[in-house]
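Peer 1: Structure file target-v8.txt (compact mmCIF, C-alpha atoms) right here:
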# COMPACT_ATOMS: atom_id res chain seq x y z
CA MET A 1 4.07 -39.20 -1.27
CA GLY A 2 5.37 -40.57 2.02
CA ASP A 3 6.10 -38.43 5.06
CA THR A 4 6.91 -35.34 3.03
CA GLY A 5 6.33 -31.99 4.76
CA ILE A 6 4.27 -29.30 3.09
CA GLY A 7 7.28 -27.31 1.90
CA ALA A 8 8.94 -30.18 0.10
CA LEU A 9 5.59 -31.30 -1.33
CA LEU A 10 4.83 -27.89 -2.81
CA ILE A 11 8.30 -27.69 -4.33
CA ARG A 12 7.84 -31.16 -5.87
CA LEU A 13 4.42 -30.28 -7.29
CA ARG A 14 5.65 -26.98 -8.72
CA THR A 15 8.92 -28.17 -10.22
CA GLY A 16 7.18 -31.21 -11.67
CA ARG A 17 5.21 -28.78 -13.82
CA GLY A 18 8.19 -26.59 -14.59
CA TRP A 19 6.48 -23.59 -12.96
CA THR A 20 7.96 -20.62 -11.15
CA GLN A 21 6.65 -19.53 -7.76
CA GLN A 22 4.99 -16.56 -9.47
CA ARG A 23 3.22 -18.91 -11.89
CA VAL A 24 1.76 -20.79 -8.92
CA ALA A 25 0.61 -17.48 -7.42
CA ASP A 26 -0.97 -16.43 -10.72
CA GLU A 27 -2.83 -19.75 -11.03
CA TYR A 28 -4.02 -19.42 -7.43
CA ASN A 29 -5.23 -15.84 -7.95
CA ALA A 30 -7.08 -16.84 -11.11
CA LEU A 31 -8.98 -19.53 -9.19
CA GLU A 32 -9.81 -17.27 -6.24
CA GLY A 33 -10.80 -14.40 -8.51
CA ARG A 34 -8.60 -11.81 -6.83
CA ALA A 35 -4.91 -11.05 -6.38
CA THR A 36 -4.13 -12.33 -2.89
CA LYS A 37 -0.93 -14.31 -3.45
CA THR A 38 2.53 -13.41 -4.76
CA GLY A 39 5.45 -15.57 -5.77
CA LYS A 40 7.18 -14.42 -2.60
CA GLU A 41 4.37 -15.85 -0.47
CA ILE A 42 4.48 -19.18 -2.32
CA GLY A 43 8.19 -19.20 -1.47
CA ARG A 44 7.31 -18.77 2.20
CA TYR A 45 5.11 -21.86 2.05
CA GLU A 46 7.88 -23.84 0.36
CA ARG A 47 10.40 -22.80 3.03
CA GLU A 48 7.77 -23.48 5.69
CA ALA A 49 8.28 -19.94 6.95
CA ARG A 50 4.49 -20.06 6.89
CA ILE A 51 2.11 -23.00 6.87
CA PRO A 52 -0.84 -22.58 4.45
CA VAL A 53 -4.16 -22.55 6.32
CA PRO A 54 -7.04 -24.87 5.24
CA TYR A 55 -8.64 -22.20 3.04
CA THR A 56 -5.36 -21.69 1.17
CA ARG A 57 -4.68 -25.42 0.92
CA ARG A 58 -8.03 -25.94 -0.78
CA TYR A 59 -7.05 -23.58 -3.62
CA LEU A 60 -3.48 -24.91 -3.82
CA ALA A 61 -4.89 -28.40 -4.24
CA GLN A 62 -6.96 -27.17 -7.20
CA VAL A 63 -3.91 -25.43 -8.68
CA PHE A 64 -1.92 -28.66 -8.66
CA GLY A 65 -4.83 -31.01 -9.38
CA VAL A 66 -4.43 -33.08 -6.22
CA ASP A 67 -6.76 -34.01 -3.38
CA THR A 68 -6.83 -31.54 -0.49
CA GLY A 69 -6.08 -34.40 1.88
CA VAL A 70 -2.62 -34.77 0.33
CA LEU A 71 -1.75 -31.23 1.42
CA ASP A 72 -3.44 -31.68 4.82
CA ARG A 73 -1.29 -34.76 5.57
CA ALA A 74 1.87 -32.91 4.52
CA VAL A 75 0.94 -30.03 6.83
CA ALA A 76 0.48 -32.49 9.70
CA VAL A 77 3.99 -33.85 9.04
CA SER A 78 5.45 -30.31 9.10
CA LYS A 79 3.61 -29.35 12.27
CA ASN A 80 4.65 -32.52 14.05
CA ARG A 81 8.24 -31.87 13.07
CA GLN A 82 8.05 -28.25 14.29
CA ASP A 83 6.40 -29.30 17.54
CA GLY A 84 9.09 -31.90 18.05
CA ASP A 85 11.73 -29.20 17.73
CA THR A 86 10.20 -27.13 20.55
CA VAL A 87 8.98 -29.71 23.06
CA VAL A 88 11.07 -29.83 26.19
CA GLU A 89 10.92 -33.11 28.09
CA ALA A 90 9.90 -32.62 31.72
CA ALA A 91 11.68 -35.74 33.00
CA SER A 92 15.29 -36.83 32.59
CA ALA A 93 15.95 -40.15 30.83
CA ARG A 94 18.85 -40.91 33.19
CA PRO A 95 18.28 -42.01 36.79
CA VAL A 96 19.27 -39.33 39.30
CA ALA A 97 20.95 -39.78 42.63
CA PRO A 98 18.33 -39.47 45.42
CA SER A 99 20.32 -36.79 47.22
CA ARG A 100 20.12 -34.53 44.22
CA SER A 101 16.65 -35.39 42.92
CA GLY A 102 14.86 -32.51 44.58
CA ALA A 103 17.13 -29.80 43.14
CA VAL A 104 17.26 -31.41 39.71
CA SER A 105 13.48 -31.85 39.59
CA ALA A 106 12.99 -28.22 40.55
CA ASP A 107 15.40 -27.22 37.81
CA ALA A 108 13.44 -29.31 35.29
CA VAL A 109 10.26 -27.50 36.32
CA VAL A 110 11.91 -24.20 35.38
CA SER A 111 12.65 -25.56 31.90
CA ALA A 112 9.12 -26.92 31.58
CA ASP A 113 7.70 -23.53 32.57
CA PHE A 114 9.81 -21.85 29.90
CA ALA A 115 8.60 -24.35 27.30
CA ARG A 116 5.01 -23.42 28.17
CA PHE A 117 5.94 -19.73 27.93
CA ILE A 118 7.26 -20.32 24.41
CA ALA A 119 4.05 -22.12 23.48
CA GLN A 120 1.85 -19.24 24.68
CA ARG A 121 1.29 -17.40 21.41
CA ASN A 122 -1.42 -14.89 20.64
CA ALA A 123 -1.30 -15.36 16.86
CA ASP A 124 -1.07 -18.27 14.48
CA GLU A 125 -0.68 -18.42 10.71
CA PHE A 126 -4.43 -18.05 10.21
CA VAL A 127 -4.57 -14.81 12.24
CA VAL A 128 -1.64 -13.35 10.31
CA GLU A 129 -2.98 -14.44 6.93
CA GLN A 130 -6.39 -12.91 7.67
CA LEU A 131 -4.75 -9.65 8.75
CA GLU A 132 -2.73 -9.52 5.53
CA ALA A 133 -5.88 -10.18 3.49
CA ASP A 134 -7.67 -7.33 5.29
CA VAL A 135 -4.74 -4.98 4.66
CA ALA A 136 -4.72 -5.88 0.94
CA ARG A 137 -8.49 -5.30 0.73
CA LEU A 138 -8.29 -1.90 2.45
CA ALA A 139 -5.29 -0.82 0.36
CA ARG A 140 -7.20 -1.50 -2.84
CA ALA A 141 -10.47 0.01 -1.63
CA TYR A 142 -8.69 3.15 -0.40
CA VAL A 143 -8.25 4.67 -3.85
CA SER A 144 -11.87 4.34 -4.93
CA HIS A 145 -14.08 4.37 -1.81
CA PRO A 146 -15.07 7.27 0.45
CA LEU A 147 -12.44 7.75 3.13
CA MET A 148 -14.94 7.63 5.97
CA GLU A 149 -16.00 4.11 4.96
CA LEU A 150 -12.50 2.83 5.71
CA TYR A 151 -11.15 5.08 8.45
CA ILE A 152 -12.41 3.20 11.51
CA GLU A 153 -11.46 -0.23 10.13
CA ILE A 154 -7.92 0.93 9.34
CA LYS A 155 -7.56 2.17 12.92
CA ARG A 156 -9.09 -0.99 14.40
CA LEU A 157 -6.76 -3.29 12.45
CA ARG A 158 -3.71 -1.14 13.14
CA ASP A 159 -4.41 -1.11 16.89
CA GLY A 160 -5.02 -4.86 16.75
CA ALA A 161 -1.66 -5.44 15.07
CA PHE A 162 0.04 -3.33 17.75
CA GLU A 163 -1.62 -5.39 20.48
CA LEU A 164 -0.55 -8.67 18.89
CA LEU A 165 3.04 -7.44 18.64
CA ARG A 166 3.00 -6.63 22.35
CA GLY A 167 2.28 -10.31 23.00
CA ARG A 168 4.10 -13.44 21.89
CA GLN A 169 4.14 -15.30 18.61
CA HIS A 170 6.52 -17.33 16.49
CA PRO A 171 9.37 -15.14 15.10
CA ARG A 172 8.21 -15.63 11.50
CA GLN A 173 4.73 -14.44 12.48
CA THR A 174 6.24 -11.49 14.35
CA ALA A 175 7.97 -10.42 11.14
CA ASP A 176 4.71 -10.68 9.19
CA LEU A 177 2.89 -8.69 11.88
CA TYR A 178 5.50 -5.93 11.76
CA LEU A 179 5.03 -5.68 8.00
CA ALA A 180 1.23 -5.57 8.36
CA ALA A 181 1.56 -2.92 11.07
CA SER A 182 3.83 -0.90 8.79
CA ARG A 183 1.25 -0.98 6.00
CA LEU A 184 -1.59 -0.08 8.36
CA CYS A 185 0.43 2.87 9.68
CA GLY A 186 1.03 3.83 6.06
CA LEU A 187 -2.71 3.77 5.44
CA SER A 188 -3.22 5.89 8.56
CA ALA A 189 -0.64 8.36 7.26
CA HIS A 190 -2.56 8.62 3.98
CA VAL A 191 -5.81 9.24 5.86
CA CYS A 192 -4.15 12.20 7.59
CA LEU A 193 -2.62 13.40 4.31
CA ASP A 194 -6.02 13.42 2.64
CA LEU A 195 -7.49 15.33 5.59
CA GLY A 196 -4.66 17.88 5.54
CA ASP A 197 -3.31 16.91 9.00
CA TYR A 198 0.33 16.75 7.98
CA ASP A 199 1.83 16.54 11.50
CA SER A 200 -0.24 13.44 12.29
CA ALA A 201 0.62 11.99 8.87
CA ALA A 202 4.32 12.41 9.67
CA THR A 203 3.86 10.63 13.02
CA HIS A 204 2.16 7.64 11.39
CA ALA A 205 4.84 7.59 8.69
CA ARG A 206 7.64 7.44 11.26
CA THR A 207 5.98 4.47 12.95
CA ALA A 208 5.48 2.79 9.56
CA ARG A 209 9.18 3.26 8.86
CA ALA A 210 10.15 1.87 12.30
CA CYS A 211 8.05 -1.26 11.69
CA ALA A 212 9.51 -1.72 8.20
CA GLU A 213 13.05 -1.30 9.56
CA ALA A 214 12.33 -3.95 12.22
CA VAL A 215 11.99 -6.55 9.45
CA GLY A 216 14.27 -4.93 6.86
CA HIS A 217 11.54 -4.67 4.22
CA ASP A 218 13.00 -2.51 1.43
CA GLY A 219 9.70 -2.16 -0.40
CA MET A 220 7.95 -0.59 2.57
CA LEU A 221 10.97 1.53 3.49
CA ALA A 222 10.94 2.98 -0.02
CA TRP A 223 7.15 3.48 0.08
CA VAL A 224 7.34 5.32 3.42
CA ARG A 225 9.93 7.66 1.92
CA ALA A 226 7.37 8.39 -0.79
CA VAL A 227 4.79 9.30 1.86
CA GLU A 228 7.32 11.51 3.66
CA SER A 229 8.06 13.17 0.33
CA LEU A 230 4.34 13.86 -0.12
CA ILE A 231 4.14 15.40 3.36
CA ALA A 232 7.08 17.68 2.59
CA TYR A 233 5.56 18.63 -0.77
CA TRP A 234 2.18 19.61 0.67
CA THR A 235 3.82 21.63 3.42
CA GLY A 236 5.78 23.67 0.89
CA ARG A 237 9.22 22.09 1.42
CA TYR A 238 9.79 21.17 -2.21
CA GLU A 239 13.57 20.65 -2.13
CA GLN A 240 13.19 18.34 0.86
CA ALA A 241 10.39 16.49 -0.94
CA ALA A 242 12.77 15.85 -3.83
CA ARG A 243 15.55 14.69 -1.48
CA LEU A 244 13.24 12.29 0.33
CA ALA A 245 12.13 10.78 -2.97
CA GLN A 246 15.78 10.43 -4.01
CA ALA A 247 16.55 8.71 -0.67
CA GLY A 248 13.74 6.25 -1.27
CA ARG A 249 15.22 5.27 -4.60
CA HIS A 250 18.30 3.91 -2.80
CA HIS A 251 16.22 0.98 -1.55
CA ARG A 252 16.25 -1.93 -3.98
CA ALA A 253 12.63 -2.99 -4.19
CA PRO A 254 10.58 -4.73 -6.89
CA GLY A 255 7.37 -3.42 -8.41
CA SER A 256 6.40 0.13 -9.30
CA ILE A 257 7.99 1.98 -6.37
CA GLY A 258 10.88 3.25 -8.52
CA ALA A 259 8.47 4.96 -10.91
CA ARG A 260 6.57 6.44 -7.95
CA LEU A 261 9.67 7.94 -6.34
CA ALA A 262 11.03 9.35 -9.61
CA SER A 263 7.61 10.90 -10.35
CA LEU A 264 7.49 12.49 -6.89
CA GLU A 265 10.99 13.86 -7.38
CA ALA A 266 10.07 15.28 -10.78
CA ARG A 267 6.99 17.09 -9.49
CA ALA A 268 8.81 18.54 -6.48
CA LEU A 269 11.74 19.75 -8.60
CA ALA A 270 9.36 21.36 -11.10
CA ILE A 271 7.57 23.32 -8.38
CA ALA A 272 10.95 24.30 -6.89
CA GLY A 273 11.94 25.77 -10.27
CA ASP A 274 14.48 23.13 -11.34
CA ARG A 275 13.10 22.52 -14.83
CA VAL A 276 16.12 20.52 -16.04
CA GLY A 277 16.05 18.24 -12.98
CA ALA A 278 12.30 17.78 -13.29
CA VAL A 279 12.48 16.68 -16.93
CA ALA A 280 15.37 14.31 -16.11
CA ALA A 281 13.38 12.76 -13.24
CA LEU A 282 10.37 12.30 -15.52
CA ALA A 283 12.60 10.36 -17.89
CA ASP A 284 13.84 8.29 -14.93
CA ALA A 285 10.23 7.48 -14.06
CA GLU A 286 9.62 6.18 -17.58
CA ARG A 287 12.78 4.08 -17.47
CA SER A 288 11.81 2.67 -14.08
CA ARG A 289 8.43 1.66 -15.48
CA GLU A 290 10.05 -0.08 -18.47
CA ALA A 291 12.61 -1.88 -16.29
CA MET A 292 10.11 -2.78 -13.57
CA SER A 293 10.90 -6.19 -12.06
CA GLY A 294 8.34 -8.28 -10.22
CA HIS A 295 4.88 -7.30 -9.05
CA ASP A 296 3.72 -5.00 -6.29
CA GLU A 297 3.09 -7.13 -3.21
CA VAL A 298 -0.06 -5.16 -2.41
CA SER A 299 -2.18 -3.21 -4.90
CA GLY A 300 -4.24 -0.06 -4.43
CA ILE A 301 -2.57 2.70 -2.46
CA PHE A 302 0.70 0.75 -2.26
CA ALA A 303 1.00 0.40 -6.05
CA PHE A 304 1.77 3.04 -8.67
CA PRO A 305 -0.15 2.18 -11.84
CA ALA A 306 0.69 3.73 -15.19
CA ALA A 307 -2.45 5.89 -14.94
CA LYS A 308 -1.13 7.55 -11.79
CA GLN A 309 2.27 8.07 -13.40
CA PHE A 310 0.62 9.96 -16.28
CA ALA A 311 -1.32 12.05 -13.74
CA TYR A 312 1.95 13.03 -12.04
CA ALA A 313 3.56 13.75 -15.41
CA GLY A 314 0.71 16.13 -16.20
CA THR A 315 1.20 18.10 -12.98
CA THR A 316 4.96 18.19 -13.50
CA ASN A 317 4.75 19.45 -17.08
CA LEU A 318 2.35 22.20 -16.02
CA ALA A 319 4.84 23.35 -13.39
CA VAL A 320 7.75 23.22 -15.86
CA GLY A 321 5.75 25.62 -18.05
CA GLY A 322 6.06 26.74 -21.63
CA ARG A 323 3.55 25.99 -24.37
CA GLU A 324 5.14 22.67 -25.33
CA HIS A 325 5.09 21.35 -21.77
CA VAL A 326 1.55 22.62 -21.18
CA GLN A 327 0.38 20.74 -24.26
CA GLN A 328 2.23 17.64 -23.03
CA ALA A 329 0.53 18.08 -19.65
CA ILE A 330 -2.87 17.99 -21.36
CA VAL A 331 -1.92 14.81 -23.24
CA SER A 332 -0.67 13.15 -20.02
CA ALA A 333 -3.75 14.11 -17.99
CA ASN A 334 -6.07 12.85 -20.74
CA THR A 335 -4.13 9.57 -20.85
CA ALA A 336 -4.41 9.21 -17.06
CA ILE A 337 -8.18 9.71 -17.23
CA ARG A 338 -8.55 7.23 -20.08
CA LEU A 339 -6.53 4.57 -18.27
CA TYR A 340 -8.43 5.01 -15.02
CA ARG A 341 -11.78 4.91 -16.82
CA SER A 342 -10.85 1.59 -18.43
CA ALA A 343 -9.72 0.04 -15.12
CA GLN A 344 -11.91 -2.01 -12.81
CA ASP A 345 -14.10 0.04 -10.49
CA ASP A 346 -11.99 -0.67 -7.40
CA ASP A 347 -8.86 0.52 -9.22
CA GLN A 348 -10.29 3.84 -10.39
CA SER A 349 -8.56 6.35 -8.13
CA VAL A 350 -11.04 9.13 -7.45
CA GLY A 351 -8.32 11.46 -6.16
CA ASP A 352 -6.18 11.02 -9.26
CA LEU A 353 -9.20 11.51 -11.53
CA PHE A 354 -9.90 14.79 -9.72
CA ALA A 355 -6.25 15.84 -9.99
CA ALA A 356 -6.07 15.02 -13.71
CA HIS A 357 -9.24 17.03 -14.42
CA VAL A 358 -7.92 20.02 -12.45
CA ASP A 359 -4.64 19.78 -14.38
CA LEU A 360 -6.57 19.69 -17.65
CA ALA A 361 -8.50 22.76 -16.59
CA SER A 362 -5.26 24.54 -15.67
CA GLY A 363 -3.69 23.57 -18.99
CA HIS A 364 -6.63 24.95 -20.98
CA LEU A 365 -6.53 28.14 -18.89
CA LEU A 366 -2.83 28.61 -19.63
CA LEU A 367 -3.67 28.24 -23.33
CA GLY A 368 -6.39 30.90 -22.98
CA ASP A 369 -9.29 28.46 -23.41
CA LEU A 370 -11.89 29.36 -20.77
CA HIS A 371 -14.52 27.06 -22.29
CA GLY A 372 -12.11 24.12 -22.05
CA THR A 373 -11.28 25.09 -18.47
CA GLU A 374 -14.94 25.05 -17.43
CA ALA A 375 -15.63 21.79 -19.26
CA MET A 376 -12.73 20.02 -17.54
CA LEU A 377 -13.75 21.30 -14.10
CA GLY A 378 -17.29 19.99 -14.50
CA PHE A 379 -16.34 16.50 -13.31
CA VAL A 380 -14.83 17.92 -10.11
CA LEU A 381 -17.36 20.62 -9.29
CA GLU A 382 -20.32 18.29 -9.81
CA SER A 383 -18.87 15.57 -7.55
CA PRO A 384 -19.71 15.24 -3.82
CA PRO A 385 -17.44 17.65 -1.90
CA ASP A 386 -16.81 15.05 0.81
CA ARG A 387 -14.92 12.93 -1.75
CA MET A 388 -12.29 15.67 -2.16
CA SER A 389 -9.00 15.46 -0.31
CA ALA A 390 -7.17 18.45 1.14
CA SER A 391 -4.79 18.44 -1.84
CA ILE A 392 -7.64 18.69 -4.35
CA VAL A 393 -9.17 21.58 -2.39
CA ARG A 394 -5.81 23.34 -2.52
CA ARG A 395 -5.50 22.79 -6.28
CA LEU A 396 -9.00 24.13 -6.83
CA THR A 397 -8.30 27.16 -4.65
CA ALA A 398 -5.12 27.93 -6.59
CA LEU A 399 -7.00 27.68 -9.88
CA GLY A 400 -9.67 30.02 -8.50
CA ARG A 401 -6.96 32.58 -7.69
CA GLU A 402 -5.65 32.33 -11.25
CA LEU A 403 -9.14 33.07 -12.58
CA GLY A 404 -9.10 36.26 -10.51
CA GLU A 405 -6.01 37.57 -12.30
CA PRO A 406 -6.40 40.87 -14.25
CA GLN A 407 -6.35 39.18 -17.66
CA TYR A 408 -9.66 37.47 -16.79
CA GLY A 409 -11.19 40.38 -14.88
CA GLY A 410 -13.63 41.36 -17.58
CA ALA A 411 -14.82 37.86 -18.44
CA ALA A 412 -18.18 36.92 -16.93
CA GLN A 413 -17.41 33.25 -17.54
CA ALA A 414 -14.22 33.49 -15.44
CA ALA A 415 -16.06 35.24 -12.59
CA HIS A 416 -18.85 32.65 -12.61
CA LEU A 417 -16.40 29.74 -12.67
CA ARG A 418 -14.43 31.29 -9.82
CA GLU A 419 -17.59 31.53 -7.72
CA ARG A 420 -18.37 27.86 -8.36
CA ILE A 421 -14.83 26.88 -7.34
CA GLN A 422 -15.01 28.95 -4.16
CA HIS A 423 -18.37 27.43 -3.23
CA THR A 424 -17.10 23.87 -3.73
CA ALA A 425 -13.85 24.58 -1.88
CA VAL A 426 -15.73 25.91 1.15
CA LEU A 427 -17.95 22.81 1.28
CA ALA A 428 -14.97 20.46 0.97
CA ALA A 429 -12.44 22.41 3.04
CA SER A 430 -13.05 20.71 6.40
CA PRO A 431 -13.40 16.97 5.85
CA ALA A 432 -12.00 16.39 9.36
CA ALA A 433 -15.22 17.86 10.75
CA HIS A 434 -17.08 14.89 9.25
CA LEU A 435 -14.89 12.19 10.79
CA PRO A 436 -16.88 9.52 12.59
CA GLU A 437 -16.42 9.28 16.32
CA LEU A 438 -13.60 6.89 17.07
CA PRO A 439 -14.27 3.90 19.32
CA THR A 440 -12.60 4.18 22.69
So, in terms of structure tokens, how does the structure I just supplied come out?
Peer 2:
Amino acid sequence: MGDTGIGALLIRLRTGRGWTQQRVADEYNALEGRATKTGKEIGRYEREARIPVPYTRRYLAQVFGVDTGVLDRAVAVSKNRQDGDTVVEAASARPVAPSRSGAVSADAVVSADFARFIAQRNADEFVVEQLEADVARLARAYVSHPLMELYIEIKRLRDGAFELLRGRQHPRQTADLYLAASRLCGLSAHVCLDLGDYDSAATHARTARACAEAVGHDGMLAWVRAVESLIAYWTGRYEQAARLAQAGRHHRAPGSIGARLASLEARALAIAGDRVGAVAALADAERSREAMSGHDEVSGIFAFPAAKQFAYAGTTNLAVGGREHVQQAIVSANTAIRLYRSAQDDDQSVGDLFAAHVDLASGHLLLGDLHGTEAMLGFVLESPPDRMSASIVRRLTALGRELGEPQYGGAAQAAHLRERIQHTAVLAASPAAHLPELPT
């Protein structure tokens, strides 16, 4: 295939099969057994905005049915071409007058020193690719694993990304590092959200937004608005939560972010008492799901699966109120649970399963069904308290208060269930006290 660089070679191999970039990514992911590549990343390889590392080239060779050496030789061509673009010759090709040779030679040394400065990089494509793989792994694990298993690694990777950005690297790698740093700050914000430290969550979110703005990444900018909406919601600023979600929807981004933002807006409006707006936003969420273009670049906490959308719809319908909406809330929460139960273990969001069960319990309580309320709460109350986020503790506490209302005052079952809720809430109320000591 001659002296073809890796970008041109990959384009030739792909177009020869009539494939899209996403088809190449799908074939790659199927071989590797996990979703690590997107069509957008294949496009980066074709533009040579990134050079695939040996590990990646091995799988790409299998995708296209060629020998790995073919891709290795193309990479060598690309790297030689790139190096040739940046090498600064230390000596002039034209003879210089002796009287000026000293000054000219000294001036050439300055240029040579700057060339070495450019070459001093603290990250290459392998470092960046490994960081992105770690971020994707943590993002997926976040929804299903105990928070304390991930907390220190999130911090370590985030601080590492900051340190790399303080050094020097190729501009395309700088952009990738900013995006990784944005996602790691987003993960840090979610850690603080789940621990109920909303001021710290807001700080991490602002840094995540600054990193996303540095590279103009609409998907992350929209996602950070969703986090900021969550912070406003859990600090009682419901109208602001709705406005932040609306602001996020102005970013044109592929994947499920549109459904996430519309769902957040719907829930906030429902709690704020805007029933009409809440129902309209729920409909927007459904339309966004149906019109969804492209895939989420990263799964887990950065995606918004249909199961989570049904969980949000359940909470929203409960807040809208009225028998019809309460019954719809029960249907939505049951659907969320069913979808999560049928998902792979790593995609079963523990927090959303808790939330859906609490919503089911609340729905049965509103319908006067104490037995149904207790049955639905069983999953939550029998789970380890250290798996419960601050938001779940708050939902449980609110439900406990409802059980103390006069209409349930004479029911022994209500009093017993309230005691169980209070006991669990006390055990789970201070997850921050169980944080591991951070490395210094």
Peer 1: Could you check which of A:Ala278, A:Leu370, A:Ala259, A:Leu381 is closest to Glu402 of chain A, using all atoms listed in the file?
Peer 2: A:Leu370
Peer 1: Find, counting only C-alpha atoms, the residue in A:Ala241, A:Leu318, A:Leu367, A:Val143 that gets nearest to Phe304 of chain A.
Peer 2: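 Ranking A:Ala241, A:Leu318, A:Leu367, A:Val143 by distance to Phe304 of chain A, first place goes to A:Val143.
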Peer 1: Rounded to one decimal in Å, what is the spacing between atom CA of Cys185 of chain A and atom CA of Phe302 of chain A?
Peer 2: 12.1 Å
Peer 1: Work out how far apart atom CA of Gln22 of chain A and atom CA of Gly65 of chain A are and give it in Å to one decimal.
Peer 2: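 Between atom CA of Gln22 of chain A and atom CA of Gly65 of chain A the gap works out to 17.5 Å.
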Peer 1: How many Å lie between atom CA of Arg401 of chain A and atom CA of Thr235 of chain A, rounded to one decimal?
Peer 2: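 Between atom CA of Arg401 of chain A and atom CA of Thr235 of chain A the gap works out to 19.0 Å.
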Peer 1: Within 12 Å of (-3.0, -7.5, 18.6), all atoms listed in the file: residues as a ChimeraX atom specification?
Peer 2: /A:121-124,127-128,131,156-169,174,177-178,180-181
Peer 1: Neighbours of Thr38 of chain A within 8 Å (all atoms listed in the file; same-chain residues fewer than 2 positions away dropped), as a PyMOL selection string?
Peer 2: chain A and resi 21-22+25-26+35-36+40-42+295+297
Peer 1: Could you pull the residues within 9 Å of segment 335-339 of chain A, counting only C-alpha atoms, minus those fewer than 6 positions along the same chain, as a ChimeraX atom specification?
Peer 2: /A:306-312,314,348,352-353,356-357
Peer 1: Determine, counting only C-alpha atoms, which protein, DNA and RNA residues have an atom within 7 Å of an atom of Tyr28 of chain A; residues of the same chain fewer than 4 positions away are not included. Present the result as a ChimeraX atom specification.
Peer 2: /A:24,32,59-60,63
Peer 1: Restricting the calculation to only C-alpha atoms: of A:Glu290, A:Asp134, A:Glu239, A:Glu149, which residue gets closest to Gly255 of chain A?
Peer 2: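 So, comparing all the options, the nearest one is A:Glu290.
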Peer 1: Residues near segment 407-414 of chain A, anyone? I mean within 12 Å using all atoms listed in the file, not counting same-chain ones fewer than 5 positions away, as a list in words.
Peer 2: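 That gives Leu365, Leu366, Gly368, Asp369, Leu370, His371, Gly372, Thr373, Glu374, Ala375, Leu399, Gly400, Arg401, Glu402, Glu419, Arg420 and Ile421 of chain A.
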Peer 1: Give me a file of those residues, with C-alpha atoms, as a PDB file, in the frame of the given file.
Peer 2:
ATOM      1  CA  LEU A 365      -6.530  28.140 -18.890  1.00  0.00           C
ATOM      2  CA  LEU A 366      -2.830  28.610 -19.630  1.00  0.00           C
ATOM      3  CA  GLY A 368      -6.390  30.900 -22.980  1.00  0.00           C
ATOM      4  CA  ASP A 369      -9.290  28.460 -23.410  1.00  0.00           C
ATOM      5  CA  LEU A 370     -11.890  29.360 -20.770  1.00  0.00           C
ATOM      6  CA  HIS A 371     -14.520  27.060 -22.290  1.00  0.00           C
ATOM      7  CA  GLY A 372     -12.110  24.120 -22.050  1.00  0.00           C
ATOM      8  CA  THR A 373     -11.280  25.090 -18.470  1.00  0.00           C
ATOM      9  CA  GLU A 374     -14.940  25.050 -17.430  1.00  0.00           C
ATOM     10  CA  ALA A 375     -15.630  21.790 -19.260  1.00  0.00           C
ATOM     11  CA  LEU A 399      -7.000  27.680  -9.880  1.00  0.00           C
ATOM     12  CA  GLY A 400      -9.670  30.020  -8.500  1.00  0.00           C
ATOM     13  CA  ARG A 401      -6.960  32.580  -7.690  1.00  0.00           C
ATOM     14  CA  GLU A 402      -5.650  32.330 -11.250  1.00  0.00           C
ATOM     15  CA  GLU A 419     -17.590  31.530  -7.720  1.00  0.00           C
ATOM     16  CA  ARG A 420     -18.370  27.860  -8.360  1.00  0.00           C
ATOM     17  CA  ILE A 421     -14.830  26.880  -7.340  1.00  0.00           C
TER      18      ILE A 421
END
Peer 1: Got a sec: who's within 7 Å of Gly7 of chain A, counting all atoms listed in the file, leaving out chain neighbours fewer than 2 positions off, as JSON, numbers by chain?
Peer 2: {"A": [5, 9, 10, 11, 45, 46, 47, 48]}
Peer 1: Determine, counting all atoms listed in the file, every residue of protein, DNA or RNA that lies within 12 Å of (14.1, -0.2, -5.0) in the file coordinates, then give the result as a PyMOL selection string.
Peer 2: chain A and resi 217-223+225-226+245-262+288+291-294+296
Peer 1: Which residue is closest to Tyr238 of chain A? Choose from A:Leu264, A:Glu27, A:Val331, A:His204 and count only C-alpha atoms.
Peer 2: A:Leu264
Peer 1: Given only C-alpha atoms as the basis, pick out the residue of A:Leu417, A:Val358, A:Ala139, A:Val227 nearest to Ala303 of chain A.
Peer 2: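 When distances to Ala303 of chain A are compared using only C-alpha atoms, the smallest one comes from A:Ala139.
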Peer 1: With distances taken over all atoms listed in the file, which of A:Val53, A:Val393, A:Leu71, A:Val135 is nearest to Leu13 of chain A?
Peer 2: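 Smallest distance to Leu13 of chain A is found for A:Leu71.
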Peer 1: Segment 55-69 of chain A from the block above, C-alpha atoms, as a tab-separated table (two decimals), in the first residue's frame, please?
Peer 2:
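Below is the file selection_14.tsv, written as the result:
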chain	number	residue	atom	x	y	z
A	55	TYR	CA	-2.88	-2.11	21.36
A	56	THR	CA	-5.50	-0.30	19.27
A	57	ARG	CA	-3.77	-1.14	15.99
A	58	ARG	CA	-3.92	-4.84	16.84
A	59	TYR	CA	-7.73	-4.71	17.06
A	60	LEU	CA	-8.08	-2.45	14.02
A	61	ALA	CA	-6.07	-4.95	12.02
A	62	GLN	CA	-8.53	-7.68	13.03
A	63	VAL	CA	-11.47	-5.44	12.13
A	64	PHE	CA	-10.15	-4.95	8.60
A	65	GLY	CA	-8.62	-8.41	8.18
A	66	VAL	CA	-5.09	-7.18	7.53
A	67	ASP	CA	-1.73	-7.88	9.13
A	68	THR	CA	-0.85	-5.64	12.06
A	69	GLY	CA	2.43	-4.80	10.35
